Each structure stands twice: as structure tokens, then as C-alpha cells.
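First up is the structure itself, then whatever we jot down about it.
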Amino acid sequence: MAPTFSTPIKIISSILLLITIIITNGQAPNQTSTLVFYLQDVGRGFNATVMPVIGINGRVWSYHSFGTIFVVDDPVMLSPSPFSTQIGRAQGVITVTSLDGANVNIVLSLVFNNGEYSGSTLEIQGNSRQRENSRELSVVSGTGRFRYARGFVVFETMSYDAPSERSVIRLTITLALP
Amino acid sequence: MAPTFSTPIKIISSILLLITIIITNGQAPNQTSTLVFYLQDVGRGFNATVMPVIGINGRVWSYHSFGTIFVVDDPVMLSPSPFSTQIGRAQGVITVTSLDGANVNIVLSLVFNNGEYSGSTLEIQGNSRQRENSRELSVVSGTGRFRYARGFVVFETMSYDAPSERSVIRLTITLALP
Amino acid sequence: MAPTFSTPIKIISSILLLITIIITNGQAPNQTSTLVFYLQDVGRGFNATVMPVIGINGRVWSYHSFGTIFVVDDPVMLSPSPFSTQIGRAQGVITVTSLDGANVNIVLSLVFNNGEYSGSTLEIQGNSRQRENSRELSVVSGTGRFRYARGFVVFETMSYDAPSERSVIRLTITLALP
């Protein structure tokens, strides 16, 4: 009788394999995709894209002074060049939350208004260890085509010009979409 | 022999169908539910429910002025009427985060204190394109019976009275619960 | 013929059981783990770990005054003793968001820099009903080994010394990791 069972047993094996795959998928994000964008950040002058709003009374307002709150609206570009295609804005609030001035807390929306993600957003939240070149924050959600998105984002400063306080920041986003 | 296999093969087919369903479920939220609430928002006077706290030094504080930070505590009602049942409060922080004044960043808790959701909360975060009537933000999480909730919420202004700065805002929330 | 089918039928039963388990897992977090930490919070003096930054013009700045914004950087310890092992900092922004002064909105990162979680973070967001001893907020995400984490956290005040405004707060975190 053995051979007569071979077909269902093969099918059952396939099913068990499939189930294993499903279980594996259940324990890690099904699929992740990576997006890379570049922020053009200007800290000074008429074209400033980030400004301090308030700080603790009697203290200097700076990225290294506990309690300083900044608001930011950086262009989001497809490449590091300031002349590359702009696809959105990175808009949010940055607060210096470590007493030693090392860390900032960031709540940021990537608001896409051009290209394939136009009309969608990604919501970022987390702590940025400013003294490290590579800084990981969380992607907590999104809207539009990024509904239910989750993941993480690495911020890296590609270049910084001290006199004008201009910097280019690379965002490498790893997303799990449902 | 064929007929003798019909039962297991039917079962196997059912299993494969089930697995297909599971895979499908794995790629989209299992189930979503929709909740609709109404905020009563008052921008002026003794009964104001939203107030500016600070803005960039030397600028007017307004919803159209980059850097202005508002704090809000709007009643959450079951219908658009200000006399309908109040089931909670929408409490959070609104920051004007676009240099052109178009967008605000919102961090908001829906704090339920009456009715079936009493004691639970929903956490909202995102960007609101103020000039659009329909504005989508993210539901990033919740507490109580909304633990592990995720989804999105559409804000729509139902009515606005300019002199008193009173508006009724409809929140249509799509939730995926685990 | 019945006995000859017993093996595949048993296997099929097992598969159905497995599928049931998978479906069940799909409707609740696969696995949760619990972490307990203690914050040392100091509201006054040279060692203050939380400070008001701004409040509504003309009002007292306090935890009971709508619109007051605090920034916090509390040590995260393994036990309630201030001499226990410090494993990180709880850094974030606290805003009084209820008109009656009862609730604050919290955006907080647990930034681990010592021990097994060093280099990782947990992102907390939510509403804290200050008048209740047990206050539930959401864990919206994390980084490092807490990537894709979700869950909830209960804040409980273990002790409070009014003159120095020192308190010990227990955080019981329930995490679902993917």
C-alpha cells in the first residue's frame, strides 16, 4: 500500500514546509524594503530649515543645552546634491533631552509631496545620539501607501559645513509593510 | 483506489485553502474596525480648548506661523452636536512644522473616560495638511482595550465658526487590533 | 481500508491543530516578555532630572497647569535603590495636556547604555493620568534589539519625598517582539 500513499504524504510534507514558512514569517516581519533619502539641513540664516523655539530660562539655546526645543522643516531629496529631485519635507520637533547635551528626542514626519510616495507620510520617533555618526530611530507608522508601516531609520551625517551650519543627512529606512 | 483518497484529498484541499487565507491575513491586518468620533474645538475665549504656548521669537503665534506650539484638550463626542454624549478628551501637542505654515505635526491621545472605552486610550501621531479638508494621520498604539492597536485616522472639519473659532472635527479611525 | 488511512488522518489532524495555533497566534502577540525598571526622578535643585521649559503666558508652570512643557532625563535603574545599577536614561518631553491639570502627555525614549540592552532604545508615548497610582502608556517601537517592539508600560510611583521632589517610579513593560 505504501506507494499509494506517496502522493498525499508528499502533499502533507509540502504543507508542513509551508506551515514552517508561515511560522517563520510570523516571528519576523514578512518583508522589509529599504528606502534612502537625503535631508538638506540649514541651521542658520534666511534659509534656515531648523530653528530653536524655546529653551530653559537662563540657558543658551543649542543642540547641546538640555531643554532646548527646535522645529525643523528640511527638504527630502533623492540624492545628496541640493540640486537633486525634492520629493518631500521632513517636518517635526527636536528636543535636547539629555542633561549632558548628548542626545535629542525627535518626532518627525516625512511628508512626501512629489514622486511615487506623494500624499503619503512616514512617522519617525526616537532618540538621536548626536555624537555618533550613525543614529538609529524608529519608524512608528505611516499614512497613505505607508499605512501600518513599521521599522527603523538610520540617520548619517554625510557632510557638514560649520560656518553656514549646512548639513546633508542620509536616511536609510528599513520598513516592514503588512 | 481513487475514491479511497477522496476524503484526505478534500481535507488537504481545505487545508491549502486555509493556508491561503492565513497567508493573506499575514499580508494585511487580520481585521479592522472603524470608530467615528467628533471633537469640539474652541480656539478663543474663556472656553478655549486649544492654546498657543510658545512660538519663534519675534513672530506671531498662529497655526500658519512656523514654530508655534499649541496644547489642546478637546472634548470627544459621539455626534457632531455639542450636546451629544461626551466620551473622552483629545489631549496633545500641535506644532506648526512647515516653513510655509501649511502643515502641523500632531501628537495626540484620545483619553476615553465614559462609555465602553472608558479607561482606554488611542495614541495618534502625524502630519496634518491644514489646507485639505481630509487629513490622514497615524494611530500608533493604544492602551487598555486598545493595546497593540494600529491604524490610521482621517480628520475632517465639519463646521467652523470664524468669530468664535469654534470647529467640529470628525475623526474616522480605522483600527487593526491583534 | 480504515486503518490504512489512520496515519495521514493523524497527520492531517496535527496539521489542523497547528493551523489553529497559527490562527490563534495571529490574533494576539506571538510572545510577550516583561521588563521592570526604576526611574529616579528629581524635580528640584542642582540635581534636578526634570525641568519646566515653558508654559502658557501668565500662568504658573507646574504639573497641574495646562500647557506647561517639561523635559526629563531620569536615570533608569535595575532596582528602586538609587545605589542600584544604572542601565540607561529615560529622556523625553512631558506636557500638561488636560485643562483641569489631571493628565500629562509623554513622549519618552528609554536609552539603554549599560548592560544587556546597551545601545538599544524603547519608544514610549501616551497619556498619564497623574492622579492614579498606576498609569498605562504605550510602547510604540524600539531600536537595536527592540526593533519592531510593541506593547504597553505601567508607571507606578513607589515613593515620593515632597520637600526634595524626589520620586522612584516603577516601569513594568510588557513587550511583544516579532
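We name chains A, B, ... following the order of the C-alpha cells; residues begin at 1 in each chain, and ligands are numbered from 1 as shown.
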
Using only C-alpha atoms, determine which residues lie at most 9 Å from region 157-163 of chain C, disregarding the query and same-chain residues fewer than 4 positions distant; provide the list as a PDB file with N, CA and C atoms, in the first residue's frame.
ATOM      1  N   ARG C  44      13.638  69.062  41.671  1.00  0.00           N
ATOM      2  CA  ARG C  44      14.095  70.345  42.225  1.00  0.00           C
ATOM      3  C   ARG C  44      15.576  70.303  42.537  1.00  0.00           C
ATOM      4  N   PRO C  80      14.811  49.700  42.980  1.00  0.00           N
ATOM      5  CA  PRO C  80      14.346  51.012  43.461  1.00  0.00           C
ATOM      6  C   PRO C  80      15.439  51.826  44.158  1.00  0.00           C
ATOM      7  N   ASN C 133      -2.372  55.939  40.766  1.00  0.00           N
ATOM      8  CA  ASN C 133      -1.048  55.399  41.089  1.00  0.00           C
ATOM      9  C   ASN C 133      -0.501  54.548  39.960  1.00  0.00           C
ATOM     10  N   SER C 134      -1.398  53.876  39.241  1.00  0.00           N
ATOM     11  CA  SER C 134      -0.970  53.006  38.154  1.00  0.00           C
ATOM     12  C   SER C 134      -1.404  53.630  36.831  1.00  0.00           C
ATOM     13  N   SER C 167      11.234  61.203  43.485  1.00  0.00           N
ATOM     14  CA  SER C 167      10.345  60.053  43.452  1.00  0.00           C
ATOM     15  C   SER C 167      11.025  58.889  42.747  1.00  0.00           C
ATOM     16  N   VAL C 168      10.569  57.705  43.137  1.00  0.00           N
ATOM     17  CA  VAL C 168      11.012  56.497  42.458  1.00  0.00           C
ATOM     18  C   VAL C 168       9.792  55.945  41.726  1.00  0.00           C
ATOM     19  N   ILE C 169       9.940  55.739  40.422  1.00  0.00           N
ATOM     20  CA  ILE C 169       8.820  55.294  39.593  1.00  0.00           C
ATOM     21  C   ILE C 169       9.163  53.937  38.991  1.00  0.00           C
ATOM     22  N   ARG C 170       8.271  52.968  39.214  1.00  0.00           N
ATOM     23  CA  ARG C 170       8.488  51.653  38.619  1.00  0.00           C
ATOM     24  C   ARG C 170       7.847  51.576  37.240  1.00  0.00           C
TER      25      ARG C 170
END

TODO: Run DSSP on the backbone of this structure and report the residues of chain B it assigns to helix (DSSP H, G or I), as a PyMOL selection string.
DONE: chain B and resi 2-27+115-117+144-146

Those same residues - N, CA, C and O atoms - I'd like them written as a compact mmCIF listing (two decimals), in the first residue's frame.
# COMPACT_ATOMS: atom_id res chain seq x y z
N ALA B 2 -8.75 5.54 -6.44
CA ALA B 2 -9.02 6.97 -6.39
C ALA B 2 -10.06 7.38 -5.34
O ALA B 2 -9.77 8.24 -4.51
N PRO B 3 -11.22 6.74 -5.34
CA PRO B 3 -12.24 7.18 -4.40
C PRO B 3 -11.76 7.11 -2.94
O PRO B 3 -12.15 7.95 -2.13
N THR B 4 -10.91 6.12 -2.67
CA THR B 4 -10.48 5.99 -1.27
C THR B 4 -9.64 7.18 -0.82
O THR B 4 -9.47 7.43 0.36
N PHE B 5 -9.09 7.90 -1.78
CA PHE B 5 -8.27 9.07 -1.39
C PHE B 5 -9.08 10.35 -1.32
O PHE B 5 -8.59 11.39 -0.90
N SER B 6 -10.32 10.25 -1.76
CA SER B 6 -11.10 11.49 -1.90
C SER B 6 -11.20 12.25 -0.58
O SER B 6 -11.05 13.47 -0.56
N THR B 7 -11.39 11.55 0.52
CA THR B 7 -11.56 12.27 1.78
C THR B 7 -10.30 13.03 2.19
O THR B 7 -10.36 14.25 2.37
N PRO B 8 -9.14 12.33 2.27
CA PRO B 8 -7.95 13.11 2.65
C PRO B 8 -7.63 14.21 1.65
O PRO B 8 -7.20 15.29 2.05
N ILE B 9 -7.89 13.95 0.38
CA ILE B 9 -7.58 14.98 -0.61
C ILE B 9 -8.48 16.19 -0.41
O ILE B 9 -8.04 17.33 -0.48
N LYS B 10 -9.73 15.93 -0.10
CA LYS B 10 -10.64 17.06 0.21
C LYS B 10 -10.12 17.83 1.43
O LYS B 10 -10.10 19.05 1.47
N ILE B 11 -9.71 17.05 2.44
CA ILE B 11 -9.19 17.70 3.65
C ILE B 11 -7.96 18.53 3.31
O ILE B 11 -7.83 19.67 3.73
N ILE B 12 -7.09 17.91 2.50
CA ILE B 12 -5.86 18.61 2.12
C ILE B 12 -6.20 19.89 1.35
O ILE B 12 -5.61 20.94 1.58
N SER B 13 -7.19 19.79 0.47
CA SER B 13 -7.61 20.99 -0.26
C SER B 13 -8.09 22.06 0.70
O SER B 13 -7.74 23.24 0.58
N SER B 14 -8.86 21.63 1.68
CA SER B 14 -9.35 22.59 2.68
C SER B 14 -8.18 23.23 3.41
O SER B 14 -8.17 24.43 3.67
N ILE B 15 -7.20 22.38 3.72
CA ILE B 15 -6.03 22.88 4.43
C ILE B 15 -5.30 23.92 3.59
O ILE B 15 -4.93 24.99 4.07
N LEU B 16 -5.14 23.58 2.31
CA LEU B 16 -4.45 24.52 1.41
C LEU B 16 -5.22 25.83 1.33
O LEU B 16 -4.64 26.91 1.34
N LEU B 17 -6.54 25.73 1.29
CA LEU B 17 -7.37 26.92 1.25
C LEU B 17 -7.15 27.74 2.53
O LEU B 17 -6.94 28.95 2.50
N LEU B 18 -7.16 27.02 3.67
CA LEU B 18 -6.94 27.67 4.96
C LEU B 18 -5.60 28.39 4.98
O LEU B 18 -5.49 29.52 5.44
N ILE B 19 -4.57 27.68 4.47
CA ILE B 19 -3.23 28.25 4.46
C ILE B 19 -3.20 29.51 3.61
O ILE B 19 -2.61 30.51 3.97
N THR B 20 -3.91 29.45 2.47
CA THR B 20 -4.01 30.64 1.63
C THR B 20 -4.61 31.79 2.42
O THR B 20 -4.14 32.93 2.37
N ILE B 21 -5.65 31.47 3.17
CA ILE B 21 -6.30 32.51 3.98
C ILE B 21 -5.31 33.07 5.00
O ILE B 21 -5.21 34.27 5.20
N ILE B 22 -4.56 32.17 5.62
CA ILE B 22 -3.60 32.61 6.63
C ILE B 22 -2.54 33.51 6.01
O ILE B 22 -2.21 34.56 6.53
N ILE B 23 -2.03 33.10 4.84
CA ILE B 23 -1.02 33.91 4.17
C ILE B 23 -1.60 35.28 3.84
O ILE B 23 -0.99 36.31 4.08
N THR B 24 -2.82 35.29 3.33
CA THR B 24 -3.46 36.56 3.03
C THR B 24 -3.58 37.41 4.28
O THR B 24 -3.24 38.59 4.28
N ASN B 25 -4.00 36.79 5.35
CA ASN B 25 -4.12 37.52 6.60
C ASN B 25 -2.78 38.07 7.05
O ASN B 25 -2.69 39.13 7.62
N GLY B 26 -1.73 37.30 6.77
CA GLY B 26 -0.40 37.73 7.19
C GLY B 26 0.06 38.97 6.45
O GLY B 26 0.93 39.67 6.91
N GLN B 27 -0.54 39.23 5.29
CA GLN B 27 -0.07 40.36 4.50
C GLN B 27 -0.97 41.59 4.63
O GLN B 27 -0.71 42.60 4.03
N GLY B 115 -18.36 55.58 28.86
CA GLY B 115 -18.82 54.64 27.84
C GLY B 115 -17.93 53.42 27.73
O GLY B 115 -17.10 53.17 28.60
N GLU B 116 -18.10 52.70 26.62
CA GLU B 116 -17.49 51.39 26.52
C GLU B 116 -15.96 51.40 26.46
O GLU B 116 -15.33 50.40 26.74
N TYR B 117 -15.37 52.55 26.09
CA TYR B 117 -13.90 52.61 26.00
C TYR B 117 -13.27 53.26 27.23
O TYR B 117 -12.07 53.50 27.25
N GLY B 144 -5.21 49.88 27.38
CA GLY B 144 -6.47 49.28 27.82
C GLY B 144 -6.96 48.32 26.76
O GLY B 144 -6.23 47.45 26.30
N ARG B 145 -8.20 48.48 26.32
CA ARG B 145 -8.69 47.56 25.29
C ARG B 145 -8.13 47.85 23.91
O ARG B 145 -8.39 47.10 22.97
N PHE B 146 -7.36 48.93 23.80
CA PHE B 146 -6.72 49.23 22.51
C PHE B 146 -5.23 48.89 22.50
O PHE B 146 -4.49 49.36 21.65

With chain B as the partner and 7 Å as the cut-off, tabulate the residues of chain C that qualify, each row holding the nearest pair of atoms and their distance in Å to one decimal, using only C-alpha atoms, sorted by chain and rising number, as CSV.
residue,atom,partner,partner_atom,distance
C:Gln27,CA,B:Pro178,CA,4.8
C:Ala28,CA,B:Pro178,CA,5.0
C:Pro29,CA,B:Pro178,CA,6.8
C:Gly55,CA,B:Val53,CA,5.9
C:Ile56,CA,B:Val53,CA,4.8
C:Gly67,CA,B:Val71,CA,5.7
C:Thr97,CA,B:Gln91,CA,5.3
C:Ser98,CA,B:Asp73,CA,5.6
C:Leu99,CA,B:Asp73,CA,6.4
C:Asn105,CA,B:Gly92,CA,6.3
C:Gly126,CA,B:Glu123,CA,6.2
C:Asn127,CA,B:Ser109,CA,6.2
C:Glu136,CA,B:Thr143,CA,6.6
C:Leu137,CA,B:Thr143,CA,6.3
C:Ser138,CA,B:Gly142,CA,6.0
C:Val140,CA,B:Ser141,CA,6.0
C:Arg150,CA,B:Tyr148,CA,6.7
C:Gly151,CA,B:Tyr148,CA,6.0
C:Phe152,CA,B:Thr143,CA,6.8

TODO: Report the residues of chain A whose backbone DSSP state falls under strand (DSSP E or B), written as JSON, numbers by chain.
DONE: {"A": [32, 33, 34, 35, 36, 37, 38, 39, 40, 41, 42, 50, 51, 52, 53, 54, 69, 70, 71, 72, 73, 74, 75, 76, 77, 86, 87, 88, 89, 90, 91, 92, 93, 94, 95, 96, 103, 104, 105, 106, 107, 108, 109, 110, 111, 112, 121, 122, 123, 124, 125, 126, 127, 128, 129, 134, 135, 136, 137, 138, 139, 140, 141, 142, 143, 150, 151, 152, 153, 154, 155, 156, 157, 158, 159, 160, 161, 166, 167, 168, 169, 170, 171, 172, 173, 174, 175, 176]}

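Residues in contact with Pro75 (chain C) at 8 Å, where only C-alpha atoms are counted and same-chain residues fewer than 4 positions away are skipped, are listed as Leu39, Gln40, Asp41, Gln86, Ile87, Gly88, Arg89 and Ala90 of chain C.
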
Open item on the list: I'd like the neighbourhood of Thr34 (chain C) as a ChimeraX atom specification, where a residue qualifies if any of its atoms comes within 10 Å (using only C-alpha atoms), though same-chain residues fewer than 3 positions away should be ignored.
Closed with: /C:151-153,172-176

Grab the residues selected above and save them as a CSV table (one decimal), in the first residue's frame with N, CA and C atoms.
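Saved the output as part-v8.csv:
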chain,number,residue,atom,x,y,z
C,151,GLY,N,4.0,47.3,22.6
C,151,GLY,CA,3.4,46.9,23.9
C,151,GLY,C,2.9,48.0,24.8
C,152,PHE,N,3.0,47.8,26.1
C,152,PHE,CA,2.5,48.8,26.9
C,152,PHE,C,3.3,48.8,28.2
C,153,VAL,N,3.2,49.9,28.9
C,153,VAL,CA,4.1,50.1,30.1
C,153,VAL,C,3.2,50.7,31.2
C,172,THR,N,6.8,48.9,34.5
C,172,THR,CA,6.6,47.4,34.2
C,172,THR,C,6.2,47.4,32.7
C,173,ILE,N,7.1,46.9,31.9
C,173,ILE,CA,6.9,46.9,30.4
C,173,ILE,C,6.5,45.6,29.9
C,174,THR,N,5.4,45.5,29.2
C,174,THR,CA,5.1,44.2,28.5
C,174,THR,C,5.3,44.4,27.0
C,175,LEU,N,6.2,43.6,26.5
C,175,LEU,CA,6.6,43.8,25.1
C,175,LEU,C,6.3,42.6,24.2
C,176,ALA,N,5.8,42.9,23.1
C,176,ALA,CA,5.6,41.9,22.0
C,176,ALA,C,6.7,42.1,21.0

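Atom to atom, CA of Glu165 (chain C) and CA of Arg131 (chain C) stand 16.0 Å apart.
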
Near Tyr63 (chain A), within 9 Å and counting only C-alpha atoms, which residues show up once chain neighbours fewer than 5 positions away are dropped, as a PDB file with C-alpha atoms, in the first residue's frame?
ATOM      1  CA  PRO A  52      15.109  76.920  18.173  1.00  0.00           C
ATOM      2  CA  THR A  68      16.092  73.423  24.011  1.00  0.00           C
ATOM      3  CA  ILE A  69      13.222  72.735  21.594  1.00  0.00           C
ATOM      4  CA  PHE A  70      13.765  73.083  17.826  1.00  0.00           C
ATOM      5  CA  ILE A  94      13.688  68.107  18.082  1.00  0.00           C
ATOM      6  CA  THR A  95      14.235  68.438  21.829  1.00  0.00           C
ATOM      7  CA  VAL A  96      17.543  68.222  23.695  1.00  0.00           C
ATOM      8  CA  GLY A 101      23.589  67.574  25.884  1.00  0.00           C
ATOM      9  CA  ALA A 102      24.449  64.345  24.078  1.00  0.00           C
ATOM     10  CA  ASN A 103      21.004  63.246  22.934  1.00  0.00           C
ATOM     11  CA  VAL A 104      17.977  64.754  21.273  1.00  0.00           C
ATOM     12  CA  GLN A 130      24.196  63.248  18.325  1.00  0.00           C
TER      13      GLN A 130
END
